[in-house]
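Visitor: Input file: structure.cif. Contents: mmCIF, C-alpha atoms.
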data_start
#
loop_
_atom_site.label_atom_id
_atom_site.label_comp_id
_atom_site.auth_asym_id
_atom_site.auth_seq_id
_atom_site.Cartn_x
_atom_site.Cartn_y
_atom_site.Cartn_z
CA MET A 1 -11.93 26.16 -5.44
CA THR A 2 -9.16 23.91 -6.70
CA THR A 3 -10.37 21.51 -9.37
CA VAL A 4 -8.82 18.12 -10.08
CA ALA A 5 -9.21 16.18 -13.33
CA LEU A 6 -9.73 12.58 -12.21
CA ASP A 7 -9.35 9.58 -14.48
CA GLY A 8 -12.60 7.67 -13.98
CA ARG A 9 -11.35 4.52 -15.63
CA GLY A 10 -8.61 1.96 -15.10
CA ALA A 11 -8.69 1.56 -11.32
CA GLU A 12 -8.19 -2.09 -10.33
CA ARG A 13 -11.02 -1.81 -7.80
CA GLY A 14 -13.39 -0.43 -10.39
CA ALA A 15 -15.66 2.56 -10.79
CA GLU A 16 -17.13 1.98 -7.32
CA ALA A 17 -13.83 2.93 -5.67
CA ILE A 18 -13.52 6.00 -7.90
CA VAL A 19 -17.07 7.09 -7.13
CA ALA A 20 -16.59 6.72 -3.37
CA GLY A 21 -13.19 8.43 -3.43
CA ALA A 22 -14.49 11.30 -5.54
CA ARG A 23 -17.47 11.79 -3.23
CA ALA A 24 -15.18 11.93 -0.18
CA ALA A 25 -12.94 14.52 -1.85
CA ALA A 26 -15.91 16.61 -2.98
CA GLU A 27 -17.27 16.63 0.57
CA ALA A 28 -13.99 18.28 1.56
CA GLY A 29 -14.71 21.13 -0.87
CA ILE A 30 -12.58 19.96 -3.79
CA GLY A 31 -13.87 20.45 -7.33
CA LEU A 32 -13.66 17.42 -9.61
CA ARG A 33 -14.01 16.72 -13.30
CA VAL A 34 -14.22 12.95 -13.62
CA PHE A 35 -13.45 11.44 -17.04
CA GLY A 36 -14.99 8.09 -17.84
CA ASP A 37 -18.11 6.12 -18.65
CA PRO A 38 -21.11 8.23 -17.56
CA GLU A 39 -23.15 5.09 -16.87
CA ARG A 40 -20.60 3.63 -14.48
CA LEU A 41 -20.10 7.04 -12.87
CA ALA A 42 -23.84 7.77 -12.67
CA ALA A 43 -23.72 7.91 -8.87
CA LEU A 44 -21.67 11.12 -9.20
CA THR A 45 -24.31 12.95 -11.21
CA GLY A 46 -25.72 15.81 -9.19
CA VAL A 47 -23.04 15.65 -6.50
CA GLY A 48 -21.98 19.20 -5.66
CA GLY A 49 -18.59 20.16 -7.08
CA ILE A 50 -18.39 17.12 -9.38
CA GLU A 51 -18.80 17.11 -13.14
CA VAL A 52 -18.69 13.85 -15.08
CA VAL A 53 -17.09 14.19 -18.53
CA ALA A 54 -17.75 11.38 -21.02
CA ALA A 55 -14.63 9.53 -22.13
CA GLN A 56 -15.38 6.53 -24.26
CA GLU A 57 -11.97 4.91 -24.36
CA GLU A 58 -9.58 3.44 -21.85
CA ILE A 59 -5.87 2.67 -21.96
CA THR A 60 -5.09 -0.63 -20.30
CA ASN A 61 -2.02 -1.94 -18.52
CA ASP A 62 -1.03 -4.22 -21.36
CA GLN A 63 -0.73 -1.42 -23.94
CA GLU A 64 2.58 0.30 -24.70
CA PRO A 65 2.02 3.69 -23.01
CA VAL A 66 3.60 6.10 -25.53
CA ALA A 67 1.89 4.56 -28.56
CA ALA A 68 -1.42 4.19 -26.71
CA VAL A 69 -1.48 7.79 -25.50
CA ARG A 70 -0.64 9.12 -28.95
CA ARG A 71 -3.18 6.91 -30.73
CA THR A 72 -6.07 7.22 -28.29
CA PRO A 73 -6.98 10.89 -27.94
CA GLU A 74 -10.41 10.00 -26.54
CA ALA A 75 -8.98 7.88 -23.71
CA SER A 76 -10.04 9.04 -20.26
CA ILE A 77 -6.49 9.68 -19.05
CA VAL A 78 -5.57 11.60 -22.21
CA LEU A 79 -8.68 13.81 -21.93
CA ALA A 80 -8.09 14.37 -18.21
CA ALA A 81 -4.46 15.41 -18.78
CA ALA A 82 -5.52 17.73 -21.61
CA ASP A 83 -8.10 19.27 -19.29
CA VAL A 84 -5.29 20.36 -16.97
CA ALA A 85 -3.09 21.56 -19.82
CA GLU A 86 -5.96 23.64 -21.18
CA GLY A 87 -6.64 25.21 -17.80
CA ARG A 88 -10.08 23.78 -17.03
CA SER A 89 -8.66 21.76 -14.14
CA ASP A 90 -5.76 22.58 -11.85
CA ALA A 91 -4.24 19.12 -11.39
CA LEU A 92 -4.45 15.54 -12.61
CA ALA A 93 -5.07 12.41 -10.52
CA SER A 94 -5.42 8.82 -11.68
CA ALA A 95 -5.48 5.33 -10.26
CA GLY A 96 -5.23 3.85 -13.75
CA PRO A 97 -2.16 2.27 -15.37
CA THR A 98 0.99 4.05 -14.19
CA GLY A 99 2.74 4.14 -17.57
CA ALA A 100 -0.23 5.66 -19.37
CA THR A 101 -0.80 8.21 -16.61
CA MET A 102 2.85 9.31 -16.62
CA THR A 103 2.97 9.50 -20.41
CA ALA A 104 -0.30 11.40 -20.75
CA ALA A 105 0.80 13.84 -18.04
CA LEU A 106 4.22 14.27 -19.57
CA PHE A 107 2.91 14.93 -23.06
CA ALA A 108 0.08 17.24 -22.00
CA LEU A 109 1.66 19.15 -19.12
CA ARG A 110 5.21 19.13 -20.53
CA ARG A 111 8.46 19.12 -18.66
CA MET A 112 9.36 22.04 -16.48
CA HIS A 113 11.81 24.41 -18.13
CA GLY A 114 15.33 23.07 -17.61
CA VAL A 115 14.30 19.61 -16.38
CA ARG A 116 15.70 16.67 -18.39
CA ARG A 117 13.67 13.84 -16.87
CA PRO A 118 10.65 14.04 -14.54
CA ALA A 119 10.70 11.67 -11.55
CA LEU A 120 8.00 9.76 -9.72
CA ALA A 121 8.14 10.55 -6.00
CA LEU A 122 6.44 8.62 -3.23
CA GLN A 123 6.08 9.32 0.46
CA LEU A 124 7.49 6.42 2.46
CA ALA A 125 5.74 5.82 5.74
CA VAL A 126 8.26 5.46 8.55
CA PRO A 127 6.55 3.45 11.30
CA GLY A 128 6.47 5.29 14.60
CA ALA A 129 8.37 8.33 13.31
CA ASP A 130 7.38 11.89 14.07
CA GLY A 131 6.86 14.31 11.22
CA PRO A 132 5.87 13.71 7.62
CA PRO A 133 6.96 10.57 5.76
CA GLY A 134 10.21 10.75 3.84
CA LEU A 135 10.15 11.05 0.08
CA LEU A 136 11.70 8.47 -2.25
CA LEU A 137 12.31 9.32 -5.90
CA ASP A 138 12.46 8.06 -8.59
CA VAL A 139 10.21 5.04 -7.97
CA GLY A 140 9.71 4.09 -11.59
CA ALA A 141 9.60 6.84 -14.18
CA ASN A 142 13.17 6.35 -15.46
CA THR A 143 14.86 2.97 -15.32
CA GLU A 144 18.09 4.48 -16.60
CA VAL A 145 19.36 7.87 -15.53
CA ARG A 146 22.48 10.01 -15.74
CA SER A 147 24.16 11.91 -12.95
CA VAL A 148 22.46 15.11 -14.10
CA ASP A 149 19.09 13.44 -13.55
CA LEU A 150 19.96 12.33 -10.02
CA VAL A 151 21.06 15.87 -9.19
CA GLN A 152 17.83 17.28 -10.58
CA PHE A 153 15.77 14.67 -8.70
CA ALA A 154 17.43 15.91 -5.50
CA TYR A 155 16.19 19.44 -6.18
CA LEU A 156 12.75 18.29 -7.29
CA GLY A 157 12.36 16.23 -4.12
CA ALA A 158 13.67 18.95 -1.84
CA ALA A 159 11.32 21.54 -3.30
CA PHE A 160 8.31 19.22 -2.96
CA SER A 161 9.25 18.24 0.58
CA GLN A 162 9.48 21.87 1.55
CA ALA A 163 6.44 23.13 -0.30
CA VAL A 164 3.95 20.31 0.19
CA LEU A 165 5.18 18.25 3.15
CA GLY A 166 6.19 21.30 5.17
CA VAL A 167 9.79 20.24 5.90
CA GLU A 168 11.59 23.53 6.44
CA ARG A 169 15.05 22.35 5.36
CA PRO A 170 14.78 18.85 3.89
CA ARG A 171 17.78 16.57 4.37
CA VAL A 172 18.60 15.02 1.00
CA ALA A 173 20.53 11.77 0.47
CA LEU A 174 21.53 9.52 -2.40
CA LEU A 175 20.70 5.82 -2.19
CA SER A 176 23.85 3.81 -2.75
CA VAL A 177 25.77 0.73 -1.71
CA GLY A 178 27.89 2.49 0.88
CA GLU A 179 28.03 5.78 2.73
CA GLU A 180 31.38 6.85 1.29
CA ALA A 181 31.35 9.40 -1.53
CA LYS A 182 33.07 7.02 -3.94
CA LYS A 183 30.60 4.16 -3.42
CA GLY A 184 28.10 3.39 -6.14
CA THR A 185 27.80 3.53 -9.91
CA ALA A 186 29.74 6.17 -11.85
CA ASP A 187 26.58 8.28 -12.13
CA VAL A 188 25.90 8.07 -8.39
CA VAL A 189 29.50 9.07 -7.58
CA GLU A 190 29.31 11.97 -10.02
CA ALA A 191 25.95 13.10 -8.64
CA HIS A 192 27.37 12.90 -5.13
CA ALA A 193 30.21 15.25 -6.08
CA GLU A 194 27.84 17.70 -7.74
CA LEU A 195 25.40 17.72 -4.81
CA ALA A 196 28.19 18.00 -2.23
CA ALA A 197 29.33 21.17 -3.95
CA SER A 198 25.83 22.65 -4.15
CA ASN A 199 24.52 25.21 -1.73
CA GLY A 200 20.88 25.13 -2.65
CA ILE A 201 19.94 22.04 -0.63
CA ASP A 202 20.97 20.25 2.56
CA PHE A 203 22.81 17.27 1.06
CA ARG A 204 23.71 14.60 3.63
CA GLY A 205 25.63 12.19 1.41
CA ASN A 206 24.80 8.55 0.70
CA ILE A 207 22.53 6.25 2.63
CA GLU A 208 22.12 2.49 2.19
CA GLY A 209 18.96 0.50 1.61
CA ARG A 210 18.71 -0.51 5.26
CA ASP A 211 18.41 3.19 6.20
CA LEU A 212 15.50 3.92 3.87
CA LEU A 213 12.95 3.73 6.67
CA GLY A 214 15.32 4.95 9.37
CA GLY A 215 14.47 8.62 9.07
CA ALA A 216 18.05 9.54 8.08
CA ALA A 217 16.84 11.75 5.25
CA ASP A 218 13.69 13.57 4.23
CA VAL A 219 14.38 13.00 0.53
CA VAL A 220 16.11 9.90 -0.84
CA VAL A 221 17.22 10.01 -4.47
CA THR A 222 17.82 7.07 -6.77
CA ASP A 223 17.11 5.88 -10.31
CA GLY A 224 13.65 4.56 -11.17
CA PHE A 225 14.76 0.94 -11.44
CA THR A 226 16.41 0.84 -8.02
CA GLY A 227 13.64 2.92 -6.48
CA ASN A 228 10.92 0.64 -7.76
CA VAL A 229 12.72 -2.49 -6.61
CA ALA A 230 13.34 -0.94 -3.18
CA LEU A 231 9.70 0.11 -2.88
CA LYS A 232 8.36 -3.33 -3.78
CA ALA A 233 10.87 -4.97 -1.41
CA ILE A 234 9.61 -2.77 1.42
CA GLU A 235 5.96 -3.55 0.60
CA GLY A 236 6.69 -7.27 0.43
CA THR A 237 8.69 -7.25 3.64
CA ALA A 238 5.95 -5.37 5.47
CA ARG A 239 3.36 -7.94 4.30
CA ALA A 240 5.59 -10.87 5.28
CA VAL A 241 6.34 -9.43 8.72
CA ALA A 242 2.67 -8.64 9.34
CA ALA A 243 1.73 -12.22 8.40
CA ALA A 244 4.46 -13.62 10.66
CA VAL A 245 3.30 -11.47 13.59
CA GLY A 246 -0.26 -12.62 13.01
CA ALA A 247 0.78 -16.26 12.88
CA ALA A 248 2.85 -15.89 16.05
CA ALA A 249 -0.08 -14.25 17.84
CA ARG A 250 -2.34 -17.19 16.92
CA SER A 251 0.21 -19.85 17.91
CA ASN A 252 -1.00 -20.35 21.52
CA PRO A 253 -3.50 -18.89 24.01
CA ILE A 254 -0.96 -16.71 25.86
CA ALA A 255 0.38 -15.28 22.59
CA ALA A 256 -3.23 -14.67 21.52
CA ILE A 257 -3.83 -12.56 24.65
CA GLY A 258 -0.66 -10.59 23.85
CA GLY A 259 -1.84 -10.20 20.28
CA LEU A 260 -5.20 -8.84 21.45
CA MET A 261 -3.44 -6.31 23.66
CA LEU A 262 -1.24 -5.21 20.77
CA ARG A 263 -4.09 -5.00 18.26
CA PRO A 264 -4.78 -1.24 18.61
CA ALA A 265 -1.10 -0.39 18.17
CA LEU A 266 -0.72 -2.81 15.26
CA GLY A 267 -3.83 -1.35 13.64
CA GLY A 268 -2.17 2.08 13.65
CA LEU A 269 0.97 0.60 12.16
CA ARG A 270 -1.02 -1.14 9.43
CA ARG A 271 -2.65 2.15 8.60
CA GLU A 272 0.73 3.91 8.41
CA LEU A 273 2.02 1.31 5.97
CA ASP A 274 -1.15 1.16 3.84
CA PRO A 275 -0.47 2.70 0.38
CA ASP A 276 -3.96 4.24 0.54
CA THR A 277 -2.79 6.51 3.34
CA THR A 278 -0.39 8.56 1.20
CA GLY A 279 -2.64 8.48 -1.87
CA GLY A 280 0.02 7.75 -4.43
CA ALA A 281 3.11 9.10 -6.12
CA ILE A 282 3.51 12.50 -7.68
CA LEU A 283 5.26 13.12 -10.97
CA LEU A 284 7.74 15.90 -10.28
CA GLY A 285 9.40 18.06 -12.90
CA LEU A 286 6.32 18.90 -14.96
CA ARG A 287 4.70 22.28 -15.56
CA GLY A 288 1.62 21.04 -13.74
CA VAL A 289 0.60 18.68 -10.96
CA ALA A 290 0.01 14.98 -11.69
CA VAL A 291 -0.62 12.34 -9.02
CA VAL A 292 -0.35 8.66 -9.89
CA GLY A 293 -2.44 6.66 -7.46
CA HIS A 294 -1.64 3.13 -6.43
CA GLY A 295 -3.25 0.74 -8.90
CA SER A 296 -5.12 -1.05 -6.13
CA SER A 297 -6.32 2.18 -4.51
CA GLY A 298 -9.55 1.96 -2.60
CA PRO A 299 -11.86 4.94 -1.99
CA GLU A 300 -9.55 6.35 0.68
CA GLY A 301 -6.52 6.04 -1.59
CA ILE A 302 -8.31 7.83 -4.40
CA ALA A 303 -9.53 10.59 -2.09
CA ASN A 304 -6.01 10.98 -0.72
CA ALA A 305 -4.51 11.11 -4.22
CA ILE A 306 -6.91 13.95 -5.00
CA ARG A 307 -6.03 15.71 -1.72
CA LEU A 308 -2.31 15.36 -2.48
CA ALA A 309 -2.84 16.98 -5.88
CA VAL A 310 -4.77 19.83 -4.29
CA ARG A 311 -2.04 20.39 -1.67
CA ALA A 312 0.57 20.59 -4.42
CA VAL A 313 -1.51 23.17 -6.30
CA ASP A 314 -2.37 25.22 -3.23
CA GLN A 315 1.23 25.26 -2.04
CA ARG A 316 2.44 26.29 -5.52
CA ALA A 317 4.77 23.30 -5.67
CA VAL A 318 5.47 23.70 -9.40
CA GLU A 319 6.39 27.37 -9.17
CA ARG A 320 8.54 26.83 -6.07
CA THR A 321 10.34 23.91 -7.68
CA ALA A 322 11.12 25.93 -10.80
CA ALA A 323 12.46 28.77 -8.67
CA LEU A 324 14.69 26.44 -6.63
CA LEU A 325 16.13 24.84 -9.79
CA GLU A 326 16.83 28.23 -11.30
CA ARG A 327 18.46 29.88 -8.30
CA SER A 328 20.51 26.77 -7.48
CA GLY A 329 21.94 26.44 -10.97
CA ALA A 330 20.33 23.02 -11.38
CA THR A 331 18.67 23.55 -14.73
CA ARG A 332 19.77 21.44 -17.66
CA SER A 333 21.71 24.27 -19.32
CA ALA A 334 23.39 25.49 -16.12
CA MET A 335 24.62 21.99 -15.33
CA ARG A 336 25.78 21.45 -18.91
CA ASP A 337 27.71 24.74 -18.82
CA ARG A 338 29.45 23.72 -15.59
CA LYS A 339 30.43 20.41 -17.14
CA GLU A 340 31.60 21.86 -20.43
CA PRO A 341 32.97 25.36 -19.72
CA GLU A 342 33.54 27.40 -22.86
CA MET B 1 2.64 29.35 -49.38
CA SER B 2 5.57 28.39 -51.62
CA GLN B 3 7.60 25.26 -50.94
CA SER B 4 10.68 27.23 -49.89
CA LEU B 5 8.70 29.46 -47.55
CA GLY B 6 7.06 26.35 -46.04
CA ARG B 7 10.43 24.79 -45.43
CA GLU B 8 11.84 27.95 -43.86
CA ASP B 9 8.82 28.23 -41.65
CA VAL B 10 9.27 24.63 -40.46
CA MET B 11 12.99 25.17 -39.84
CA THR B 12 12.22 28.27 -37.77
CA LYS B 13 9.65 26.36 -35.75
CA VAL B 14 12.05 23.46 -35.13
CA ARG B 15 14.86 25.81 -34.17
CA GLU B 16 12.66 27.80 -31.78
CA HIS B 17 11.32 24.66 -30.14
CA LEU B 18 14.71 23.03 -29.67
CA SER B 19 16.28 26.23 -28.43
CA ALA B 20 13.58 26.70 -25.80
CA GLU B 21 13.31 23.08 -24.68
CA LEU B 22 16.97 22.06 -24.76
CA GLU B 23 18.27 25.47 -23.75
CA VAL B 24 20.69 25.78 -26.64
CA ASP B 25 21.52 28.82 -28.75
CA GLN B 26 19.46 28.99 -31.97
CA ALA B 27 22.67 29.73 -33.89
CA GLU B 28 23.97 26.29 -32.92
CA ILE B 29 21.09 24.55 -34.68
CA SER B 30 21.47 23.80 -38.39
CA GLU B 31 19.91 21.20 -40.67
CA ALA B 32 22.93 18.96 -40.13
CA THR B 33 22.56 19.05 -36.35
CA ARG B 34 22.05 15.55 -34.95
CA PHE B 35 19.51 15.31 -32.14
CA LYS B 36 21.34 12.74 -30.08
CA ASP B 37 25.00 13.42 -30.77
CA ASP B 38 24.98 17.20 -31.09
CA LEU B 39 22.09 18.28 -28.88
CA ASP B 40 22.20 15.50 -26.28
CA ALA B 41 18.50 15.01 -26.95
CA ASP B 42 16.80 11.73 -26.06
CA SER B 43 13.65 10.04 -27.27
CA LEU B 44 11.53 12.16 -24.96
CA ASP B 45 12.91 15.35 -26.49
CA LEU B 46 12.18 14.01 -29.95
CA TYR B 47 8.61 13.06 -29.04
CA GLU B 48 7.99 16.54 -27.73
CA LEU B 49 9.27 18.03 -30.97
CA VAL B 50 7.13 15.66 -33.02
CA MET B 51 4.03 16.58 -31.03
CA GLU B 52 4.78 20.28 -31.41
CA LEU B 53 5.05 19.83 -35.17
CA GLU B 54 1.86 17.74 -35.27
CA ASP B 55 -0.03 20.47 -33.41
CA SER B 56 1.46 23.31 -35.43
CA TYR B 57 0.96 21.83 -38.88
CA GLY B 58 -1.98 19.48 -38.40
CA ILE B 59 -0.01 16.42 -39.52
CA LYS B 60 0.37 12.95 -38.02
CA VAL B 61 3.72 11.28 -37.48
CA SER B 62 3.78 7.54 -36.80
CA GLU B 63 6.12 5.91 -34.29
CA GLU B 64 8.09 4.39 -37.15
CA GLU B 65 8.42 7.71 -38.97
CA ALA B 66 9.52 9.44 -35.77
CA SER B 67 12.15 6.80 -35.13
CA ARG B 68 13.78 7.57 -38.51
CA ILE B 69 14.36 11.24 -37.65
CA GLU B 70 18.00 11.68 -36.69
CA THR B 71 18.85 15.23 -37.71
CA VAL B 72 17.10 18.59 -37.71
CA GLY B 73 17.06 18.38 -41.50
CA ASP B 74 15.26 15.02 -41.34
CA ALA B 75 12.51 16.60 -39.24
CA VAL B 76 12.20 19.61 -41.55
CA ASP B 77 12.17 17.39 -44.68
CA PHE B 78 9.48 15.20 -43.18
CA VAL B 79 7.14 18.03 -42.29
CA ALA B 80 7.79 19.97 -45.50
CA GLY B 81 7.05 16.80 -47.46
CA ARG B 82 3.76 16.30 -45.65
CA LEU B 83 2.77 19.91 -46.27
CA ARG B 84 3.37 19.43 -50.01
CA ASP B 85 1.24 16.26 -50.13
#
Would you encode the structure as structure tokens?
Guide:
Amino acid sequence: MTTVALDGRGAERGAEAIVAGARAAAEAGIGLRVFGDPERLAALTGVGGIEVVAAQEEITNDQEPVAAVRRTPEASIVLAAADVAEGRSDALASAGPTGATMTAALFALRRMHGVRRPALALQLAVPGADGPPGLLLDVGANTEVRSVDLVQFAYLGAAFSQAVLGVERPRVALLSVGEEAKKGTADVVEAHAELAASNGIDFRGNIEGRDLLGGAADVVVTDGFTGNVALKAIEGTARAVAAAVGAAARSNPIAAIGGLMLRPALGGLRRELDPDTTGGAILLGLRGVAVVGHGSSGPEGIANAIRLAVRAVDQRAVERTAALLERSGATRSAMRDRKEPE
Amino acid sequence: MSQSLGREDVMTKVREHLSAELEVDQAEISEATRFKDDLDADSLDLYELVMELEDSYGIKVSEEEASRIETVGDAVDFVAGRLRD
């Protein structure tokens, strides 16, 4: 049985959402060690496959993550990450503050050999598309990156897409301001050249922001600042469009009839776009599996974050990523040697 | 453990850690080696080294103290000093 260390604190929707999500995951045969306040997690006591581990402290969103993680060893997220590092659990999942989760995971699980910067990867639902959602990374772990990081993100994303999402030969693209190889920042142009010369992945060149949901690539690579802005722009646009469609459908009786007829299809679309459906982002480039749930995750989001972590463990995503980096010459030292030949 | 042995032990630990994590030859790492300029190490690399030293020697390094470490020698001096205290 695969066991996930779950942060039982910090979720915006409270311990109730964590309890319900954990129960749903346990019913699917997943083992859980839930770190938090035993009183608030009391409903999990005695549930098969679940063990509640007391963690008296919590790291909140307003704390500086690095300092907080280092100074609060009894915090739930720090204890949960250590549980994975020490081998009692197989993966980490949290719906608590993103910065603290990433930092605790990074410090406890450590970077994969040869990886300079881990990246946060998120599945982007493509409405109406066949196949698994595309993967966007980085969506917030690194606001500033170098070309070497973008190249490594491409390999991290491709390996995850193949191993966990089941895409046989993932198409990888760089997010830029034009499709031409010379478009973009100096780092994007340099990464483009490096990826175009690589033979380890199926690099398709640049795509623009308008193509993010167009299914043009299975893995889209960018820096964490751009990725986070793009992600929030998509979420905001989806909300605005949904509200506009709703308002239009309520504008007159005939439109209302049309709206009623469309409701089942729109319900499916809403579900596709709901962050709870994918469960959260995964921090790639570590020596273990860490899933960062959406802060506002409900029970389904938390259960899906746990399921995503289990899939990554069961499909040996970490081992397969390390192997791809190594055989493609995409480790930190191999890329440095190519750049600075002796 | 004498002071010199303690210092050598710390230097060996630092060298081994940096060599493994940054994928550089141990022979390239001396006390004068600068983390940022010579090893292309960033703050994350330095934090990992600091945590390794904390775990290995049972010491605590504050954020401020960590931010003052610029060379391998600085790191070795810091830990050796704590071990003497």
Visitor: Using only C-alpha atoms and a distance of at most 8 Å, pull out the residues of chain B that contact chain A, as a ChimeraX atom specification.
Guide: /B:21-24,48,63
Visitor: For Glu168 of chain A, which residue among A:Arg338, A:Glu190, A:Ala181, A:Pro132 is the nearest when counting all atoms listed in the file?
Guide: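 Using all atoms listed in the file, Glu168 of chain A sits closest to A:Pro132.
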Visitor: Name the residues that the PyMOL selection byres ((chain A and resi 75) around 12) pulls out of this structure, and write them as a PyMOL selection string.
Guide: chain A and resi 7-10+35-37+53-60+65+68-74+76-82+96+100-101+104
Visitor: Could you jot down the atom CA of Glu300 of chain A to atom CA of Gly166 of chain A separation for me, Å, one decimal place?
Guide: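 Separation between atom CA of Glu300 of chain A and atom CA of Gly166 of chain A: 22.2 Å.
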Visitor: Counting only C-alpha atoms, which residues come within 7 Å of (-9.8, 9.2, -4.0), with the point read in the file's coordinates, and could you list them as a count of residues only?
Guide: 12
